[in-house]
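query15.csv follows (CSV, C-alpha atoms):
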chain,number,residue,atom,x,y,z
A,1,MET,CA,-41.8,81.5,-10.2
A,2,GLY,CA,-38.9,80.0,-8.3
A,3,SER,CA,-38.2,83.3,-6.6
A,4,ASN,CA,-41.7,83.7,-5.3
A,5,SER,CA,-42.9,80.2,-4.9
A,6,SER,CA,-43.3,80.8,-1.2
A,7,ALA,CA,-45.9,83.5,-2.0
A,8,ILE,CA,-48.0,80.9,-3.9
A,9,VAL,CA,-48.1,78.6,-0.9
A,10,SER,CA,-47.7,80.9,2.1
A,11,ARG,CA,-46.8,79.2,5.4
A,12,SER,CA,-48.5,81.9,7.5
A,13,ARG,CA,-51.7,81.7,5.5
A,14,ILE,CA,-51.7,77.9,5.7
A,15,MET,CA,-51.4,78.0,9.5
A,16,LYS,CA,-54.2,80.6,9.7
A,17,GLY,CA,-56.3,78.5,7.4
A,18,ILE,CA,-55.7,75.3,9.5
A,19,LYS,CA,-56.7,77.0,12.7
A,20,LEU,CA,-59.9,78.5,11.2
A,21,PHE,CA,-60.7,75.1,9.5
A,22,VAL,CA,-60.3,73.2,12.8
A,23,VAL,CA,-62.4,75.7,14.8
A,24,LEU,CA,-65.3,75.9,12.4
A,25,THR,CA,-65.3,72.2,11.8
A,26,LEU,CA,-65.4,71.5,15.6
A,27,ILE,CA,-68.2,74.0,16.0
A,28,GLY,CA,-70.2,72.3,13.2
A,29,ILE,CA,-69.6,68.8,14.6
A,30,VAL,CA,-70.5,69.8,18.2
A,31,PHE,CA,-73.6,71.5,16.9
A,32,ILE,CA,-74.9,68.4,15.0
A,33,LEU,CA,-73.9,66.0,17.8
A,34,TYR,CA,-75.7,68.2,20.3
A,35,ARG,CA,-78.8,68.1,18.1
A,36,SER,CA,-78.6,64.3,17.7
A,37,SER,CA,-77.2,62.7,20.9
A,38,PHE,CA,-73.6,62.3,22.1
A,39,SER,CA,-74.2,58.9,23.7
A,40,LYS,CA,-76.3,57.5,20.8
A,41,SER,CA,-73.8,58.8,18.3
A,42,LEU,CA,-70.9,57.0,20.1
A,43,SER,CA,-72.9,53.8,20.1
A,44,HIS,CA,-73.6,54.0,16.4
A,45,LEU,CA,-69.9,54.7,15.8
A,46,LEU,CA,-68.8,51.7,17.7
A,47,ASN,CA,-71.3,49.5,15.9
A,48,PHE,CA,-70.2,50.5,12.4
A,49,ASP,CA,-70.0,47.6,10.0
A,50,LEU,CA,-66.2,47.1,10.0
A,51,PRO,CA,-65.8,45.0,6.8
A,52,LEU,CA,-67.1,48.1,4.8
A,53,LEU,CA,-64.2,50.1,6.1
A,54,ALA,CA,-61.8,48.2,3.8
A,55,ALA,CA,-64.0,49.0,0.8
A,56,ILE,CA,-64.2,52.6,1.8
A,57,ALA,CA,-60.4,52.8,2.2
A,58,GLY,CA,-60.0,51.4,-1.3
A,59,LEU,CA,-62.4,54.1,-2.7
A,60,VAL,CA,-60.5,56.8,-0.8
A,61,PHE,CA,-57.2,55.6,-2.5
A,62,LEU,CA,-59.0,55.5,-5.8
A,63,ASP,CA,-60.1,59.1,-5.3
A,64,TRP,CA,-56.5,60.2,-4.9
A,65,VAL,CA,-55.3,58.2,-7.9
A,66,ALA,CA,-58.2,59.2,-10.2
A,67,GLY,CA,-57.7,62.8,-9.3
A,68,GLY,CA,-54.0,62.5,-10.1
A,69,LEU,CA,-54.8,60.8,-13.4
A,70,ARG,CA,-57.0,63.7,-14.4
A,71,ILE,CA,-54.1,66.1,-13.8
A,72,TYR,CA,-51.7,63.7,-15.6
A,73,ILE,CA,-53.5,63.4,-18.9
A,74,PHE,CA,-53.2,67.2,-19.4
A,75,ALA,CA,-49.9,67.8,-17.6
A,76,ALA,CA,-48.1,65.0,-19.5
A,77,LYS,CA,-49.0,66.6,-22.8
A,78,VAL,CA,-47.7,69.9,-21.7
A,79,HIS,CA,-44.6,68.5,-19.9
A,80,PRO,CA,-43.9,64.9,-21.1
A,81,GLY,CA,-41.5,64.2,-18.3
A,82,ILE,CA,-44.1,64.5,-15.5
A,83,SER,CA,-45.1,61.2,-13.8
A,84,LEU,CA,-48.4,59.9,-12.6
A,85,ALA,CA,-47.1,59.7,-9.0
A,86,ALA,CA,-46.2,63.4,-9.2
A,87,CYS,CA,-49.7,64.2,-10.3
A,88,VAL,CA,-51.2,62.2,-7.5
A,89,ARG,CA,-49.0,64.2,-5.1
A,90,ALA,CA,-50.3,67.4,-6.7
A,91,ASN,CA,-53.8,66.2,-6.3
A,92,VAL,CA,-53.6,65.5,-2.6
A,93,ALA,CA,-51.8,68.9,-2.2
A,94,ASN,CA,-54.8,70.4,-3.9
A,95,ILE,CA,-57.1,68.6,-1.4
A,96,PHE,CA,-55.1,70.0,1.5
A,97,MET,CA,-54.8,73.6,0.2
A,98,GLY,CA,-58.5,73.6,-0.8
A,99,GLY,CA,-59.3,72.6,2.8
A,100,VAL,CA,-57.4,75.5,4.4
A,101,THR,CA,-58.5,78.3,2.1
A,102,PRO,CA,-61.9,80.0,1.5
A,103,SER,CA,-64.0,78.6,-1.3
A,104,GLN,CA,-61.2,76.1,-2.0
A,105,THR,CA,-59.3,78.9,-3.8
A,106,GLY,CA,-55.9,77.6,-2.6
A,107,GLY,CA,-56.4,74.1,-4.0
A,108,GLY,CA,-55.2,75.1,-7.5
A,109,ALA,CA,-52.2,76.9,-6.0
A,110,GLY,CA,-51.1,73.8,-4.0
A,111,GLN,CA,-51.4,71.7,-7.1
A,112,ILE,CA,-49.5,74.2,-9.2
A,113,TYR,CA,-46.8,74.4,-6.6
A,114,ILE,CA,-46.2,70.6,-6.6
A,115,LEU,CA,-46.2,70.4,-10.4
A,116,PHE,CA,-43.7,73.3,-10.5
A,117,LYS,CA,-41.4,71.5,-8.0
A,118,GLU,CA,-41.7,68.4,-10.2
A,119,GLY,CA,-40.3,70.3,-13.1
A,120,MET,CA,-43.2,72.0,-15.0
A,121,GLY,CA,-43.1,75.6,-15.9
A,122,GLY,CA,-45.3,77.8,-13.8
A,123,MET,CA,-47.6,78.9,-16.7
A,124,ASP,CA,-48.0,75.3,-18.0
A,125,ALA,CA,-48.7,74.0,-14.5
A,126,THR,CA,-51.4,76.7,-14.1
A,127,VAL,CA,-53.0,75.9,-17.5
A,128,ALA,CA,-52.9,72.1,-16.9
A,129,SER,CA,-54.6,72.7,-13.6
A,130,PHE,CA,-57.2,74.9,-15.1
A,131,LEU,CA,-58.0,72.3,-17.8
A,132,GLY,CA,-58.9,69.9,-15.0
A,133,PHE,CA,-61.2,72.5,-13.4
A,134,ILE,CA,-63.0,72.9,-16.7
A,135,SER,CA,-63.9,69.2,-16.6
A,136,THR,CA,-65.5,69.9,-13.2
A,137,ALA,CA,-67.3,73.0,-14.6
A,138,ILE,CA,-68.7,70.8,-17.4
A,139,PHE,CA,-69.6,67.8,-15.1
A,140,PHE,CA,-71.7,69.6,-12.5
A,141,PRO,CA,-74.3,71.2,-14.8
A,142,ILE,CA,-74.7,68.1,-16.9
A,143,CYS,CA,-74.8,65.7,-14.0
A,144,GLY,CA,-77.0,68.0,-11.9
A,145,ILE,CA,-79.6,68.4,-14.7
A,146,LEU,CA,-79.6,64.6,-15.4
A,147,VAL,CA,-79.8,63.4,-11.8
A,148,ILE,CA,-82.4,66.0,-10.7
A,149,THR,CA,-84.5,65.3,-13.9
A,150,LEU,CA,-84.2,61.5,-14.0
A,151,VAL,CA,-84.0,60.5,-10.3
A,152,GLN,CA,-87.2,60.5,-8.4
A,153,PRO,CA,-86.3,60.5,-4.7
A,154,ASP,CA,-88.6,59.0,-2.1
A,155,PHE,CA,-89.0,62.5,-0.5
A,156,GLN,CA,-89.9,65.9,-1.8
A,157,SER,CA,-88.1,69.1,-0.7
A,158,VAL,CA,-88.7,72.4,-2.4
A,159,THR,CA,-85.7,73.8,-0.5
A,160,LEU,CA,-83.3,71.2,-1.9
A,161,ARG,CA,-84.5,71.7,-5.4
A,162,HIS,CA,-84.0,75.5,-5.1
A,163,LEU,CA,-80.5,75.0,-3.7
A,164,SER,CA,-79.5,72.6,-6.5
A,165,SER,CA,-81.0,74.9,-9.2
A,166,TYR,CA,-79.1,78.0,-7.9
A,167,THR,CA,-75.8,76.2,-7.9
A,168,ILE,CA,-76.4,74.5,-11.3
A,169,VAL,CA,-77.0,78.0,-12.7
A,170,LEU,CA,-73.7,79.2,-11.1
A,171,PHE,CA,-71.7,76.3,-12.7
A,172,SER,CA,-73.5,77.0,-16.0
A,173,LEU,CA,-72.3,80.6,-15.9
A,174,ILE,CA,-68.7,79.4,-15.4
A,175,LEU,CA,-69.2,77.0,-18.3
A,176,GLY,CA,-70.5,79.9,-20.3
A,177,ALA,CA,-67.4,81.9,-19.5
A,178,VAL,CA,-65.2,79.0,-20.7
A,179,ILE,CA,-67.2,78.8,-23.9
A,180,LEU,CA,-66.9,82.5,-24.5
A,181,SER,CA,-63.1,82.4,-23.8
A,182,LEU,CA,-62.8,79.8,-26.6
A,183,LEU,CA,-65.1,81.3,-29.2
A,184,SER,CA,-64.0,84.9,-28.7
A,185,PRO,CA,-60.8,85.3,-26.6
A,186,THR,CA,-60.6,89.0,-27.5
A,187,LEU,CA,-64.1,89.7,-26.2
A,188,PHE,CA,-63.4,87.6,-23.1
A,189,GLU,CA,-60.2,89.6,-22.4
A,190,ARG,CA,-62.1,92.8,-22.6
A,191,VAL,CA,-64.9,91.5,-20.3
A,192,VAL,CA,-62.2,90.4,-17.8
A,193,ARG,CA,-60.5,93.8,-17.9
A,194,GLY,CA,-63.8,95.5,-17.4
A,195,LEU,CA,-64.8,93.4,-14.5
A,196,LEU,CA,-61.4,93.8,-12.8
A,197,GLY,CA,-61.7,97.5,-13.3
A,198,ILE,CA,-65.0,97.6,-11.4
A,199,ILE,CA,-63.7,96.0,-8.2
A,200,PRO,CA,-61.7,98.6,-6.3
A,201,VAL,CA,-59.4,96.2,-4.4
A,202,VAL,CA,-58.6,94.3,-7.6
A,203,ARG,CA,-58.2,97.5,-9.6
A,204,LYS,CA,-55.7,98.9,-7.1
A,205,LYS,CA,-53.7,95.6,-7.0
A,206,PHE,CA,-53.4,95.4,-10.8
A,207,ARG,CA,-52.8,99.1,-11.5
A,208,GLY,CA,-49.2,99.8,-12.3
A,209,SER,CA,-48.1,96.2,-12.1
A,210,SER,CA,-47.4,93.3,-14.5
A,211,SER,CA,-49.8,91.0,-12.7
A,212,PHE,CA,-52.7,91.4,-15.1
A,213,GLU,CA,-50.5,90.9,-18.2
A,214,LYS,CA,-49.1,87.7,-16.6
A,215,LEU,CA,-52.7,86.6,-16.1
A,216,MET,CA,-53.5,87.3,-19.7
A,217,ASP,CA,-50.4,85.5,-20.9
A,218,THR,CA,-51.6,82.5,-18.9
A,219,PHE,CA,-55.0,82.9,-20.5
A,220,ARG,CA,-53.5,83.0,-24.0
A,221,ARG,CA,-51.5,79.8,-23.3
A,222,TYR,CA,-54.7,78.2,-22.0
A,223,HIS,CA,-56.5,79.2,-25.2
A,224,GLU,CA,-53.7,77.9,-27.3
A,225,LEU,CA,-53.8,74.5,-25.6
A,226,MET,CA,-57.6,74.3,-25.4
A,227,THR,CA,-57.8,75.0,-29.2
A,228,TYR,CA,-55.1,72.3,-29.7
A,229,PHE,CA,-57.0,69.7,-27.6
A,230,LEU,CA,-60.3,70.5,-29.3
A,231,LYS,CA,-59.0,70.3,-32.8
A,232,GLU,CA,-56.2,67.7,-32.6
A,233,ARG,CA,-56.8,65.7,-29.4
A,234,PRO,CA,-60.5,66.0,-28.4
A,235,TYR,CA,-60.4,62.6,-26.7
A,236,TYR,CA,-58.2,64.1,-24.0
A,237,LEU,CA,-61.0,66.4,-23.0
A,238,ILE,CA,-63.5,63.5,-23.1
A,239,ALA,CA,-61.2,61.5,-20.9
A,240,GLY,CA,-60.9,64.4,-18.5
A,241,PHE,CA,-64.6,64.6,-18.3
A,242,LEU,CA,-65.0,60.8,-17.7
A,243,ILE,CA,-62.4,60.8,-15.1
A,244,THR,CA,-64.1,63.7,-13.4
A,245,ALA,CA,-67.3,61.7,-13.4
A,246,ILE,CA,-65.5,58.8,-11.8
A,247,VAL,CA,-63.9,61.1,-9.1
A,248,PHE,CA,-67.2,62.5,-8.0
A,249,PHE,CA,-69.3,59.3,-8.3
A,250,ASN,CA,-66.6,57.6,-6.3
A,251,LYS,CA,-67.1,60.2,-3.5
A,252,PHE,CA,-70.9,59.6,-3.7
A,253,ILE,CA,-70.4,55.9,-3.3
A,254,ILE,CA,-68.2,56.5,-0.3
A,255,ALA,CA,-71.2,58.3,1.3
A,256,PHE,CA,-73.5,55.4,0.4
A,257,LEU,CA,-71.2,52.9,2.0
A,258,VAL,CA,-71.0,55.0,5.2
A,259,VAL,CA,-74.8,55.1,5.2
A,260,ARG,CA,-74.9,51.3,4.9
A,261,GLY,CA,-72.1,50.8,7.4
A,262,LEU,CA,-74.4,52.6,9.9
A,263,GLY,CA,-77.1,50.0,9.2
A,264,ILE,CA,-79.4,52.4,7.3
A,265,ASP,CA,-81.3,50.8,4.5
A,266,ALA,CA,-81.3,53.7,2.1
A,267,SER,CA,-81.8,53.7,-1.6
A,268,PHE,CA,-78.6,54.1,-3.6
A,269,TRP,CA,-80.1,56.7,-5.9
A,270,ASN,CA,-81.5,58.7,-3.0
A,271,VAL,CA,-77.9,58.9,-1.6
A,272,ILE,CA,-76.5,59.9,-5.0
A,273,TYR,CA,-79.2,62.6,-5.4
A,274,LEU,CA,-78.5,64.1,-2.0
A,275,GLN,CA,-74.7,63.9,-2.4
A,276,LEU,CA,-74.9,65.8,-5.7
A,277,ILE,CA,-76.9,68.6,-4.0
A,278,ILE,CA,-74.4,68.7,-1.1
A,279,PHE,CA,-71.4,69.1,-3.4
A,280,LEU,CA,-73.2,71.7,-5.5
A,281,VAL,CA,-74.0,73.6,-2.3
A,282,ILE,CA,-70.6,73.4,-0.6
A,283,TYR,CA,-68.3,73.8,-3.6
A,284,PHE,CA,-68.1,77.6,-3.3
A,285,ALA,CA,-68.8,77.8,0.5
A,286,PRO,CA,-66.8,80.8,1.8
A,287,THR,CA,-65.1,79.1,4.7
A,288,PRO,CA,-61.9,77.0,4.5
A,289,GLY,CA,-62.8,73.6,3.1
A,290,ALA,CA,-66.4,74.5,3.6
A,291,SER,CA,-65.8,73.9,7.3
A,292,GLY,CA,-68.9,74.5,9.4
A,293,VAL,CA,-71.0,75.1,6.4
A,294,SER,CA,-70.4,71.5,5.2
A,295,GLU,CA,-71.2,69.9,8.5
A,296,VAL,CA,-74.5,71.8,9.1
A,297,SER,CA,-75.7,71.6,5.4
A,298,THR,CA,-74.9,67.9,5.2
A,299,ALA,CA,-76.8,67.2,8.4
A,300,PHE,CA,-79.8,69.1,7.0
A,301,ILE,CA,-79.7,67.5,3.5
A,302,MET,CA,-78.8,63.9,4.5
A,303,GLY,CA,-81.3,64.2,7.3
A,304,GLN,CA,-83.9,63.4,4.6
A,305,ILE,CA,-82.9,59.7,4.8
A,306,ILE,CA,-80.7,59.4,8.0
A,307,PRO,CA,-82.3,59.2,11.5
A,308,LYS,CA,-81.6,62.2,13.7
A,309,ASP,CA,-79.5,60.1,16.2
A,310,GLN,CA,-77.2,58.9,13.4
A,311,ILE,CA,-76.7,62.0,11.4
A,312,GLY,CA,-73.8,63.2,13.5
A,313,VAL,CA,-71.8,60.0,13.1
A,314,PHE,CA,-72.5,60.0,9.4
A,315,VAL,CA,-71.2,63.6,9.0
A,316,ILE,CA,-68.0,62.8,11.0
A,317,LEU,CA,-67.2,59.6,9.0
A,318,TRP,CA,-68.2,61.1,5.7
A,319,ARG,CA,-66.0,64.2,6.2
A,320,PHE,CA,-63.1,62.0,7.4
A,321,PHE,CA,-63.1,59.8,4.4
A,322,VAL,CA,-63.9,62.4,1.7
A,323,LEU,CA,-61.8,65.3,3.1
A,324,PHE,CA,-59.9,64.9,6.4
A,325,ILE,CA,-57.7,62.0,5.5
A,326,GLY,CA,-56.9,63.5,2.1
A,327,MET,CA,-55.9,66.8,3.9
A,328,ILE,CA,-53.6,64.9,6.3
A,329,VAL,CA,-51.8,63.2,3.4
A,330,GLY,CA,-51.8,66.3,1.3
A,331,GLY,CA,-50.4,68.4,4.2
A,332,TYR,CA,-47.6,65.9,4.6
A,333,VAL,CA,-46.8,65.9,0.9
A,334,LEU,CA,-46.8,69.7,0.7
A,335,THR,CA,-44.8,70.2,3.9
A,336,ARG,CA,-42.2,67.7,2.8
A,337,CYS,CA,-41.9,69.4,-0.5
A,338,MET,CA,-41.6,72.9,1.1
A,339,LEU,CA,-39.0,71.7,3.6
A,340,ARG,CA,-37.0,69.9,0.8
A,341,SER,CA,-37.1,73.1,-1.3
A,342,GLY,CA,-36.1,75.2,1.7
A,343,ASN,CA,-33.1,73.0,2.4
A,344,GLY,CA,-32.1,73.1,-1.2
A,345,GLU,CA,-32.2,76.9,-1.2
A,346,GLU,CA,-30.3,77.1,2.1
A,347,ARG,CA,-27.5,74.9,0.6
A,348,HIS,CA,-27.5,77.1,-2.5
A,349,ARG,CA,-26.9,80.1,-0.4

This structure in structure tokens:
Amino acid sequence: MGSNSSAIVSRSRIMKGIKLFVVLTLIGIVFILYRSSFSKSLSHLLNFDLPLLAAIAGLVFLDWVAGGLRIYIFAAKVHPGISLAACVRANVANIFMGGVTPSQTGGGAGQIYILFKEGMGGMDATVASFLGFISTAIFFPICGILVITLVQPDFQSVTLRHLSSYTIVLFSLILGAVILSLLSPTLFERVVRGLLGIIPVVRKKFRGSSSFEKLMDTFRRYHELMTYFLKERPYYLIAGFLITAIVFFNKFIIAFLVVRGLGIDASFWNVIYLQLIIFLVIYFAPTPGASGVSEVSTAFIMGQIIPKDQIGVFVILWRFFVLFIGMIVGGYVLTRCMLRSGNGEERHR
């Protein structure tokens, strides 16, 4: 992995992703501000309840630490020398890379890159990262079904219910694939081989190369560790799920405080309900960091409880606290690591 680590986190792809992210985000923000009102939006922004900013800042920091802790509980078992601070850095790198790649596909690569630079083997870093993703795959269907079933919002929207139902089904399919991989790894491998053989681009890439076998080696290591955790350390998986719940509910609460900071008297559970739907909708959005898609869909969904002339400010503040600031910190961490690695390689030459 050391020889091709630059391929995992490509500088050129990062720059293209940043440019596309910025352009699509600006288009989305300008669109929602135009539909609300530039002047009123500025007024609402200037009148934001400042004391709440300290609480929101604390929750943003908690988001980074909790995300790092979820990585740590799995990574430390695989590689005992890893530190919590290293896992927090890996988490913010995940946030950055997820923001500059379509459907957040680069988030895991950024996380794996930092863990590798912190001393973990490439395969173990990949498996530890995937174990964290499994917690998310378990959380969303369970939380989605519970919230949508138990929470009775003050509004009714058939469109929102359909959106949430479709995405819950998608996460349930992912969870089903995880269960299949544990119960019958041989069948799972055959299914993966069959699916990869159907897709022409993927088939061409894997044909005549060792990439697929490396992928299967990683899968076998994942199966080995998952079996170990399930049989010997099930509380690790429970802890991963609970921390995942904390991570996402923390994000939901940030949205609630932004709503209250704008002076909107909205029900806590209404906000939680809508936030869950937003995250379900944007999780697999095809644009980098769900840029453009997130701004417009959030304006539509949160528009159920936020007045039209305030929705633009809400979207800007919400995206800043939940994503933008994390991307800034993660970009700094990743860039510093890449530069330090490059200098080391240069001295080695």

For a cut-off of 7 Å around (-53.2, 69.9, -14.9), file coordinates, pick out all residues using all atoms listed in the file and list them as an MDAnalysis selection string. chainID A and resid 71:72 74:75 125 127:132

Using C-alpha atoms, can you write the selected residues to a file as an mmCIF file, in the coordinates of the input?
data_model
loop_
_atom_site.group_PDB
_atom_site.id
_atom_site.type_symbol
_atom_site.label_atom_id
_atom_site.label_comp_id
_atom_site.auth_asym_id
_atom_site.auth_seq_id
_atom_site.Cartn_x
_atom_site.Cartn_y
_atom_site.Cartn_z
ATOM 1 C CA ILE A 71 -54.100 66.100 -13.800
ATOM 2 C CA TYR A 72 -51.700 63.700 -15.600
ATOM 3 C CA PHE A 74 -53.200 67.200 -19.400
ATOM 4 C CA ALA A 75 -49.900 67.800 -17.600
ATOM 5 C CA ALA A 125 -48.700 74.000 -14.500
ATOM 6 C CA VAL A 127 -53.000 75.900 -17.500
ATOM 7 C CA ALA A 128 -52.900 72.100 -16.900
ATOM 8 C CA SER A 129 -54.600 72.700 -13.600
ATOM 9 C CA PHE A 130 -57.200 74.900 -15.100
ATOM 10 C CA LEU A 131 -58.000 72.300 -17.800
ATOM 11 C CA GLY A 132 -58.900 69.900 -15.000
#

Check the smallest atom-to-atom distance from each of A:Met226, A:Leu146, A:Leu323, A:Cys337 to A:Leu276 using all atoms listed in the file, then report the winner. A:Leu146

In Å, rounded to a single decimal, give me how far atom CA of A:Arg11 is from atom CA of A:Glu295.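 About the pair atom CA of A:Glu295 and atom CA of A:Arg11: they are 26.3 Å apart.
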
Selection near stretch 63-67 of chain A, 12 Å with only C-alpha atoms, sequence-local residues under 6 positions removed, as a VMD selection string: chain A and resid 56 to 57 73 to 74 84 to 96 111 129 132 to 133 135 to 136 239 to 254 321 to 323 325 to 327 329 to 330

For each of A:Ile198, A:Leu183, A:Val23, A:Ile278, take the minimum atom-to-atom distance to A:Thr167, counting all atoms listed in the file, then give the residue where this is smallest.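 Ranked by minimum distance to A:Thr167, first place goes to A:Ile278.
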
Would you list the contacts of A:Leu160 as a ChimeraX atom specification, taking every protein, DNA or RNA residue within 9 Å and counting all atoms listed in the file, but skipping same-chain residues closer than 5 positions in sequence? /A:165,274,277,301

Quick check, in Å to one decimal: how far apart do atom CA of A:Trp269 and atom CA of A:Val151 lie?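 Here the two named atoms are 7.0 Å from each other.
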
So which one's closest to A:Ile306, A:Val259, A:Val60, A:Ala55, A:Leu24? Using all atoms listed in the file, please.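 Nearest to A:Ile306: A:Val259.
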
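Straight-line separation from atom CA of A:Pro51 to atom CA of A:Trp318: 16.3 Å.
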
Top pick for closest residue to A:Lys16, considering A:Val100, A:Ala266, A:Leu45, A:Ile272 and counting only C-alpha atoms: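 The answer is A:Val100, which sits nearest to A:Lys16.
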
Which neighbours of A:Ser291 fall inside 9 Å, counting all atoms listed in the file, when residues of the same chain fewer than 6 positions from it are skipped, and could you give them as a PyMOL selection string? chain A and resi 20-26+28+99+285

So, with only C-alpha atoms as the atoms that count, which of A:Ile32, A:Asn270, A:Pro141, A:Ile305 lies closest to A:Ser172?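 Of A:Ile32, A:Asn270, A:Pro141, A:Ile305, the one nearest A:Ser172, counting only C-alpha atoms, is A:Pro141.
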
For A:Gln304, the nearest of the candidates A:Val147, A:Val271, A:Leu257, A:Val281, counting all atoms listed in the file: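 Using all atoms listed in the file, the shortest distance to A:Gln304 belongs to A:Val271.
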
Keeping just C-alpha atoms, export stretch 85-104 of chain A of this structure as a PDB file, in the first residue's frame.
ATOM      1  CA  ALA A  85      -6.367  11.135  18.437  1.00  0.00           C
ATOM      2  CA  ALA A  86      -5.247   9.315  15.275  1.00  0.00           C
ATOM      3  CA  CYS A  87      -8.767   7.945  14.840  1.00  0.00           C
ATOM      4  CA  VAL A  88     -10.264  11.421  15.265  1.00  0.00           C
ATOM      5  CA  ARG A  89      -7.921  12.633  12.518  1.00  0.00           C
ATOM      6  CA  ALA A  90      -9.024   9.712  10.362  1.00  0.00           C
ATOM      7  CA  ASN A  91     -12.646  10.661  11.010  1.00  0.00           C
ATOM      8  CA  VAL A  92     -12.267  14.278   9.870  1.00  0.00           C
ATOM      9  CA  ALA A  93     -10.302  13.064   6.833  1.00  0.00           C
ATOM     10  CA  ASN A  94     -13.316  10.864   6.099  1.00  0.00           C
ATOM     11  CA  ILE A  95     -15.572  13.923   6.322  1.00  0.00           C
ATOM     12  CA  PHE A  96     -13.378  15.845   3.884  1.00  0.00           C
ATOM     13  CA  MET A  97     -12.986  13.056   1.339  1.00  0.00           C
ATOM     14  CA  GLY A  98     -16.676  12.213   1.574  1.00  0.00           C
ATOM     15  CA  GLY A  99     -17.368  15.848   0.742  1.00  0.00           C
ATOM     16  CA  VAL A 100     -15.293  15.893  -2.437  1.00  0.00           C
ATOM     17  CA  THR A 101     -16.323  12.540  -3.916  1.00  0.00           C
ATOM     18  CA  PRO A 102     -19.637  11.325  -5.386  1.00  0.00           C
ATOM     19  CA  SER A 103     -21.935   9.481  -2.974  1.00  0.00           C
ATOM     20  CA  GLN A 104     -19.283   9.964  -0.247  1.00  0.00           C
TER      21      GLN A 104
END
